[in-house]
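A.B. asks: Have a peek at data11.csv (CSV, C-alpha atoms).
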chain,number,residue,atom,x,y,z
P,1,MET,CA,-4.9,-29.6,-16.0
P,2,LYS,CA,-5.9,-26.0,-17.0
P,3,ALA,CA,-5.8,-22.8,-15.0
P,4,TYR,CA,-6.2,-19.1,-15.3
P,5,GLY,CA,-3.6,-16.6,-14.5
P,6,TYR,CA,-4.3,-13.4,-12.7
P,7,LEU,CA,-2.0,-10.3,-12.7
P,8,ARG,CA,-2.4,-6.9,-11.1
P,9,VAL,CA,-0.4,-3.7,-10.7
P,10,SER,CA,-2.0,-0.9,-8.6
P,11,GLY,CA,-0.5,2.2,-10.2
P,12,LYS,CA,-0.9,3.6,-13.7
P,13,GLY,CA,2.8,4.2,-13.8
P,14,GLN,CA,3.5,0.5,-13.2
P,15,VAL,CA,1.6,-0.6,-16.3
P,16,ASP,CA,4.6,-0.1,-18.5
P,17,GLY,CA,7.1,-1.4,-15.9
P,18,ASP,CA,8.2,-5.0,-15.3
P,19,GLY,CA,5.5,-5.8,-12.7
P,20,LEU,CA,3.1,-7.5,-15.2
P,21,ILE,CA,5.9,-9.2,-17.1
P,22,ARG,CA,7.4,-10.5,-13.8
P,23,GLN,CA,4.1,-11.9,-12.6
P,24,ALA,CA,3.3,-13.5,-16.0
P,25,GLN,CA,6.7,-15.2,-16.0
P,26,ALA,CA,6.3,-16.5,-12.4
P,27,ILE,CA,2.9,-18.0,-13.4
P,28,SER,CA,4.3,-19.5,-16.6
P,29,ASP,CA,7.2,-21.0,-14.8
P,30,TYR,CA,5.0,-22.5,-12.1
P,31,ALA,CA,2.6,-23.9,-14.7
P,32,ALA,CA,5.4,-25.5,-16.7
P,33,ALA,CA,6.9,-27.1,-13.6
P,34,HIS,CA,3.5,-28.6,-12.6
P,35,ASP,CA,2.2,-29.6,-16.1
P,36,ILE,CA,-0.5,-27.0,-16.1
P,37,GLU,CA,-1.9,-25.3,-19.2
P,38,VAL,CA,-2.6,-21.6,-18.6
P,39,ALA,CA,-5.9,-21.2,-20.5
P,40,SER,CA,-6.2,-17.4,-20.2
P,41,ILE,CA,-4.5,-14.5,-18.4
P,42,PHE,CA,-6.7,-11.8,-16.7
P,43,ARG,CA,-4.8,-8.5,-16.2
P,44,GLU,CA,-5.7,-5.7,-13.8
P,45,GLU,CA,-3.7,-2.7,-15.0
P,46,GLY,CA,-3.4,0.3,-12.7
P,47,VAL,CA,-6.1,-0.9,-10.3
P,48,SER,CA,-5.9,-0.7,-6.5
P,49,GLY,CA,-6.5,-3.7,-4.4
P,50,THR,CA,-10.1,-2.9,-3.3
P,51,LYS,CA,-12.6,-5.5,-4.5
P,52,GLU,CA,-15.2,-3.1,-5.8
P,53,ASN,CA,-13.4,-1.9,-8.9
P,54,ARG,CA,-11.7,-5.1,-10.1
P,55,VAL,CA,-13.1,-5.6,-13.6
P,56,ALA,CA,-10.7,-8.4,-14.6
P,57,LEU,CA,-11.3,-10.2,-11.3
P,58,ALA,CA,-15.0,-10.0,-11.8
P,59,GLU,CA,-14.7,-11.3,-15.4
P,60,MET,CA,-12.5,-14.2,-14.2
P,61,MET,CA,-14.8,-15.2,-11.4
P,62,LEU,CA,-17.8,-15.1,-13.8
P,63,SER,CA,-15.9,-17.3,-16.2
P,64,LEU,CA,-15.1,-19.8,-13.5
P,65,GLU,CA,-18.7,-19.9,-12.3
P,66,GLN,CA,-20.1,-20.4,-15.8
P,67,ASN,CA,-17.4,-23.0,-16.5
P,68,GLY,CA,-17.8,-25.4,-19.4
P,69,HIS,CA,-14.1,-25.0,-20.0
P,70,GLY,CA,-12.8,-27.3,-17.3
P,71,VAL,CA,-11.0,-24.5,-15.4
P,72,ASP,CA,-11.4,-24.2,-11.6
P,73,THR,CA,-7.9,-23.1,-10.6
P,74,VAL,CA,-6.3,-19.6,-10.6
P,75,ILE,CA,-2.5,-19.0,-10.4
P,76,ILE,CA,-1.2,-15.8,-9.0
P,77,GLU,CA,2.4,-14.7,-8.4
P,78,LYS,CA,1.8,-14.1,-4.7
P,79,LEU,CA,-1.1,-13.3,-2.4
P,80,ASP,CA,-0.6,-9.5,-2.4
P,81,ARG,CA,-1.7,-9.5,-6.1
P,82,LEU,CA,-5.2,-10.3,-4.8
P,83,SER,CA,-4.8,-7.4,-2.4
P,84,ARG,CA,-2.4,-5.9,0.1
P,85,ASP,CA,-5.4,-5.3,2.4
P,86,LEU,CA,-5.8,-8.4,4.6
P,87,MET,CA,-9.6,-8.0,4.9
P,88,VAL,CA,-10.1,-7.6,1.1
P,89,GLN,CA,-7.7,-10.5,0.6
P,90,GLU,CA,-9.7,-12.8,2.9
P,91,SER,CA,-13.0,-11.7,1.3
P,92,ILE,CA,-11.7,-12.8,-2.2
P,93,ILE,CA,-10.4,-16.0,-0.8
P,94,ARG,CA,-13.8,-16.8,0.8
P,95,ASP,CA,-15.4,-16.1,-2.6
P,96,PHE,CA,-13.1,-18.8,-4.1
P,97,MET,CA,-13.8,-21.2,-1.3
P,98,SER,CA,-17.6,-20.8,-1.5
P,99,HIS,CA,-17.5,-21.8,-5.2
P,100,GLY,CA,-15.1,-24.7,-4.8
P,101,PHE,CA,-12.3,-23.0,-6.8
P,102,ASN,CA,-8.6,-23.4,-6.2
P,103,LEU,CA,-6.0,-20.7,-5.8
P,104,VAL,CA,-2.3,-21.2,-6.2
P,105,SER,CA,0.6,-18.8,-5.5
P,106,ALA,CA,3.6,-19.3,-7.7
P,107,LEU,CA,5.9,-18.1,-4.9
P,108,GLU,CA,3.9,-19.1,-1.8
P,109,GLY,CA,2.7,-22.6,-2.9
P,110,PRO,CA,-0.6,-24.4,-3.5
P,111,ASP,CA,-3.5,-25.0,-1.1
P,112,LEU,CA,-3.9,-21.4,-0.1
P,113,LEU,CA,-7.6,-22.0,0.5
P,114,SER,CA,-7.0,-24.9,2.9
P,115,GLY,CA,-8.9,-24.7,6.2
P,116,ASP,CA,-5.9,-26.3,8.0
P,117,PRO,CA,-5.0,-24.0,10.9
P,118,THR,CA,-1.3,-23.8,9.9
P,119,ARG,CA,-2.2,-22.9,6.3
P,120,LYS,CA,-4.7,-20.3,7.5
P,121,PHE,CA,-2.1,-18.8,9.9
P,122,ILE,CA,0.5,-18.6,7.1
P,123,ARG,CA,-2.0,-17.0,4.8
P,124,HIS,CA,-2.9,-14.4,7.4
P,125,MET,CA,0.8,-13.7,8.0
P,126,PHE,CA,1.4,-13.1,4.3
P,127,GLY,CA,-1.7,-10.8,4.2
P,128,ALA,CA,-0.6,-8.9,7.3
P,129,ILE,CA,2.9,-8.4,5.8
P,130,ALA,CA,1.5,-7.2,2.5
P,131,GLU,CA,-0.8,-4.8,4.3
P,132,TYR,CA,2.0,-3.5,6.5
P,133,GLU,CA,4.2,-2.9,3.4
P,134,LYS,CA,1.3,-1.0,1.7
P,135,ASP,CA,0.9,1.3,4.7
P,136,MET,CA,4.6,1.9,5.0
P,137,ILE,CA,4.9,2.9,1.3
P,138,VAL,CA,2.1,5.4,1.9
P,139,PHE,CA,3.7,6.7,5.1
P,140,LYS,CA,7.2,7.0,3.5
P,141,LEU,CA,5.9,8.9,0.5
P,142,ARG,CA,4.1,11.3,2.8
P,143,ALA,CA,7.1,11.7,5.0
P,144,ALA,CA,9.3,12.4,1.9
P,145,ARG,CA,6.9,15.1,0.7
P,146,GLU,CA,6.8,16.7,4.1
P,147,ARG,CA,10.6,16.6,4.4
P,148,LYS,CA,11.0,18.3,1.0
P,149,ARG,CA,8.4,21.0,1.9
P,150,ALA,CA,10.1,21.6,5.3
P,151,ARG,CA,13.6,21.7,3.8
P,152,ASN,CA,12.6,24.2,1.2
P,153,GLY,CA,10.5,26.2,3.6
P,154,LYS,CA,7.8,26.5,1.0
P,155,CYS,CA,4.1,26.1,0.7
P,156,GLU,CA,1.4,27.6,-1.6
P,157,GLY,CA,3.6,27.7,-4.6
P,158,ARG,CA,6.9,29.5,-3.8
P,159,LYS,CA,5.8,31.2,-0.5
P,160,SER,CA,7.5,30.4,2.8
P,161,TYR,CA,5.9,29.7,6.2
P,162,THR,CA,6.8,33.3,7.2
P,163,GLU,CA,4.6,34.6,4.4
P,164,THR,CA,1.7,32.2,4.7
P,165,SER,CA,1.6,31.1,8.3
P,166,PRO,CA,3.6,33.6,10.5
P,167,GLU,CA,1.6,32.5,13.5
P,168,VAL,CA,3.2,29.0,13.2
P,169,ILE,CA,6.7,30.5,13.2
P,170,ARG,CA,5.8,32.7,16.2
P,171,GLU,CA,4.4,29.8,18.1
P,172,VAL,CA,7.4,27.6,17.4
P,173,LYS,CA,9.8,30.3,18.6
P,174,ARG,CA,7.7,30.9,21.7
P,175,LEU,CA,7.8,27.2,22.6
P,176,ARG,CA,11.5,27.0,21.9
P,177,ARG,CA,12.3,30.0,24.0
P,178,ARG,CA,14.5,29.1,27.0
P,179,ARG,CA,12.9,29.6,30.4
P,180,LYS,CA,14.8,30.1,33.6
P,181,GLY,CA,15.8,26.9,35.1
P,182,GLN,CA,14.3,24.8,32.3
P,183,LYS,CA,15.8,23.1,29.2
P,184,GLN,CA,14.8,24.2,25.8
P,185,MET,CA,11.7,22.3,24.5
P,186,PRO,CA,12.8,19.5,22.1
P,187,PHE,CA,11.4,19.6,18.6
P,188,PRO,CA,9.1,16.5,18.9
P,189,MET,CA,7.4,18.2,21.9
P,190,VAL,CA,7.0,21.4,20.0
P,191,ALA,CA,5.4,19.5,17.1
P,192,GLY,CA,3.0,17.9,19.7
P,193,GLU,CA,2.0,21.3,21.0
P,194,LEU,CA,1.4,22.6,17.5
P,195,ASN,CA,-0.8,19.6,16.7
P,196,ARG,CA,-2.7,19.9,20.0
P,197,LYS,CA,-3.5,23.6,19.2
P,198,GLY,CA,-4.9,22.5,15.8
P,199,LEU,CA,-2.1,24.0,13.8
P,200,ARG,CA,-1.1,22.0,10.6
P,201,THR,CA,1.5,22.0,8.0
P,202,CYS,CA,1.0,23.6,4.5
P,203,SER,CA,-0.4,20.3,3.2
P,204,GLY,CA,-2.8,20.0,6.2
P,205,THR,CA,-0.9,17.1,7.9
P,206,LEU,CA,0.4,16.8,11.5
P,207,PHE,CA,3.7,18.4,12.4
P,208,THR,CA,6.7,16.2,13.3
P,209,GLY,CA,9.8,17.1,15.2
P,210,MET,CA,11.8,16.8,12.0
P,211,ASN,CA,9.7,19.2,9.8
P,212,VAL,CA,9.4,21.7,12.7
P,213,GLU,CA,13.2,21.8,13.1
P,214,ALA,CA,13.8,22.1,9.3
P,215,MET,CA,11.1,24.8,9.0
P,216,LEU,CA,12.6,26.9,11.9
P,217,ARG,CA,16.1,26.6,10.4
P,218,ARG,CA,14.8,27.9,7.0
P,219,ASN,CA,12.9,30.8,8.6
P,220,GLU,CA,15.5,32.0,11.2
Taking this structure as input, can you express it in the form of structure tokens?

C.D. replies:
Amino acid sequence: MKAYGYLRVSGKGQVDGDGLIRQAQAISDYAAAHDIEVASIFREEGVSGTKENRVALAEMMLSLEQNGHGVDTVIIEKLDRLSRDLMVQESIIRDFMSHGFNLVSALEGPDLLSGDPTRKFIRHMFGAIAEYEKDMIVFKLRAARERKRARNGKCEGRKSYTETSPEVIREVKRLRRRRKGQKQMPFPMVAGELNRKGLRTCSGTLFTGMNVEAMLRRNE
């Protein structure tokens, strides 16, 4: 039995890392264990998981459709190498199914394209987890950038909020001012008020309680 291997890393910085090597090894190990010959490897280097810009994927699908080489199976390391986006992932899987091709995950097993309800549920779970992980990576990177900006009290080069957005500092201090018979407004509520008024951080994102507190400490 022959099969193709498909590899993908989404960031240019990952091309020289171990991602492609790890995926290739997982595919090779699976093929050896199941007496499969890997006829060719298609590599997507530094390409995001959207279907439109996947040159290697398009070339592989075209080769499968033209056939003549006896290959109708593709081995991947795991489903998120197709895409971390569940909708894109399912779109690619439907493309495989419509042409009668087979898709195997070295880590998640064969029969990924089965219409069996349990298999479909598992596939969707893998896809949803991958999509969640992708979103969390984006959110955490954004939060880290915001935390660094807030901690340094900087924006627009080396300028502070006091220099670039004094109205934000004034509004934060006004909202935090103690009123008779009332508790001081907590930072998350201050952030909510700033966002409601249309005020934004230096990078144009919404305020959070954490970056409001750090910004105020740096500008006191």

A.B. asks: Take CA of Glu77 in chain P and CA of Ser105 in chain P and report the distance between them in Å, one decimal.

C.D. replies: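 If I compute the distance from CA of Glu77 in chain P to CA of Ser105 in chain P, I get 5.3 Å.
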
A.B. asks: For a test of reading the model, state the distance in Å between CA of Ala214 in chain P and CA of Val190 in chain P, rounded to one decimal.

C.D. replies: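 We find that CA of Ala214 in chain P and CA of Val190 in chain P lie 12.7 Å from each other.
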
A.B. asks: Can you pull out every residue within 8 Å of Gln89 in chain P, counting all atoms listed in the file, but drop anything in the same chain fewer than 5 positions away, and send it as a PyMOL selection string?

C.D. replies: chain P and resi 79-80+82-84+127

A.B. asks: Next, write the just-selected residues to a file, as an mmCIF file, in the coordinates of the input, keeping C-alpha atoms as the atom set.

C.D. replies:
data_model
loop_
_atom_site.group_PDB
_atom_site.id
_atom_site.type_symbol
_atom_site.label_atom_id
_atom_site.label_comp_id
_atom_site.auth_asym_id
_atom_site.auth_seq_id
_atom_site.Cartn_x
_atom_site.Cartn_y
_atom_site.Cartn_z
ATOM 1 C CA LEU P 79 -1.100 -13.300 -2.400
ATOM 2 C CA ASP P 80 -0.600 -9.500 -2.400
ATOM 3 C CA LEU P 82 -5.200 -10.300 -4.800
ATOM 4 C CA SER P 83 -4.800 -7.400 -2.400
ATOM 5 C CA ARG P 84 -2.400 -5.900 0.100
ATOM 6 C CA GLY P 127 -1.700 -10.800 4.200
#

A.B. asks: Could you check the closest approach to Gly19 in chain P for each of P:Gly46, P:Gly5, P:Gly204, P:Gly198 and tell me which residue wins, using only C-alpha atoms?

C.D. replies: P:Gly46

A.B. asks: Using only C-alpha atoms, which of the listed residues (P:Ile76, P:Leu199, P:Met60, P:Ala39) sits closest to Leu20 in chain P?

C.D. replies: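 Smallest distance to Leu20 in chain P is found for P:Ile76.
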
A.B. asks: List the neighbours of Leu7 in chain P out to 10 Å using all atoms listed in the file; skip same-chain residues closer than 4 positions along the sequence, and give me the result as a list in words.

C.D. replies: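 In the requested format, the answer is Gly19, Leu20, Ile21, Arg22, Gln23, Ala24, Ile27, Ile41, Phe42, Arg43, Glu44, Glu45, Ala56, Leu57, Ile75, Ile76, Glu77, Lys78, Arg81 and Leu82 of chain P.
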
A.B. asks: Taking all atoms listed in the file into account, name the residue in P:Pro110, P:Pro166, P:Gly68, P:Pro188 that is nearest to Gly209 in chain P.

C.D. replies: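 Nearest to Gly209 in chain P: P:Pro188.
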
A.B. asks: Distance CA of Met189 in chain P-CA of Thr201 in chain P, one decimal place?

C.D. replies: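 The value is 15.6 Å.
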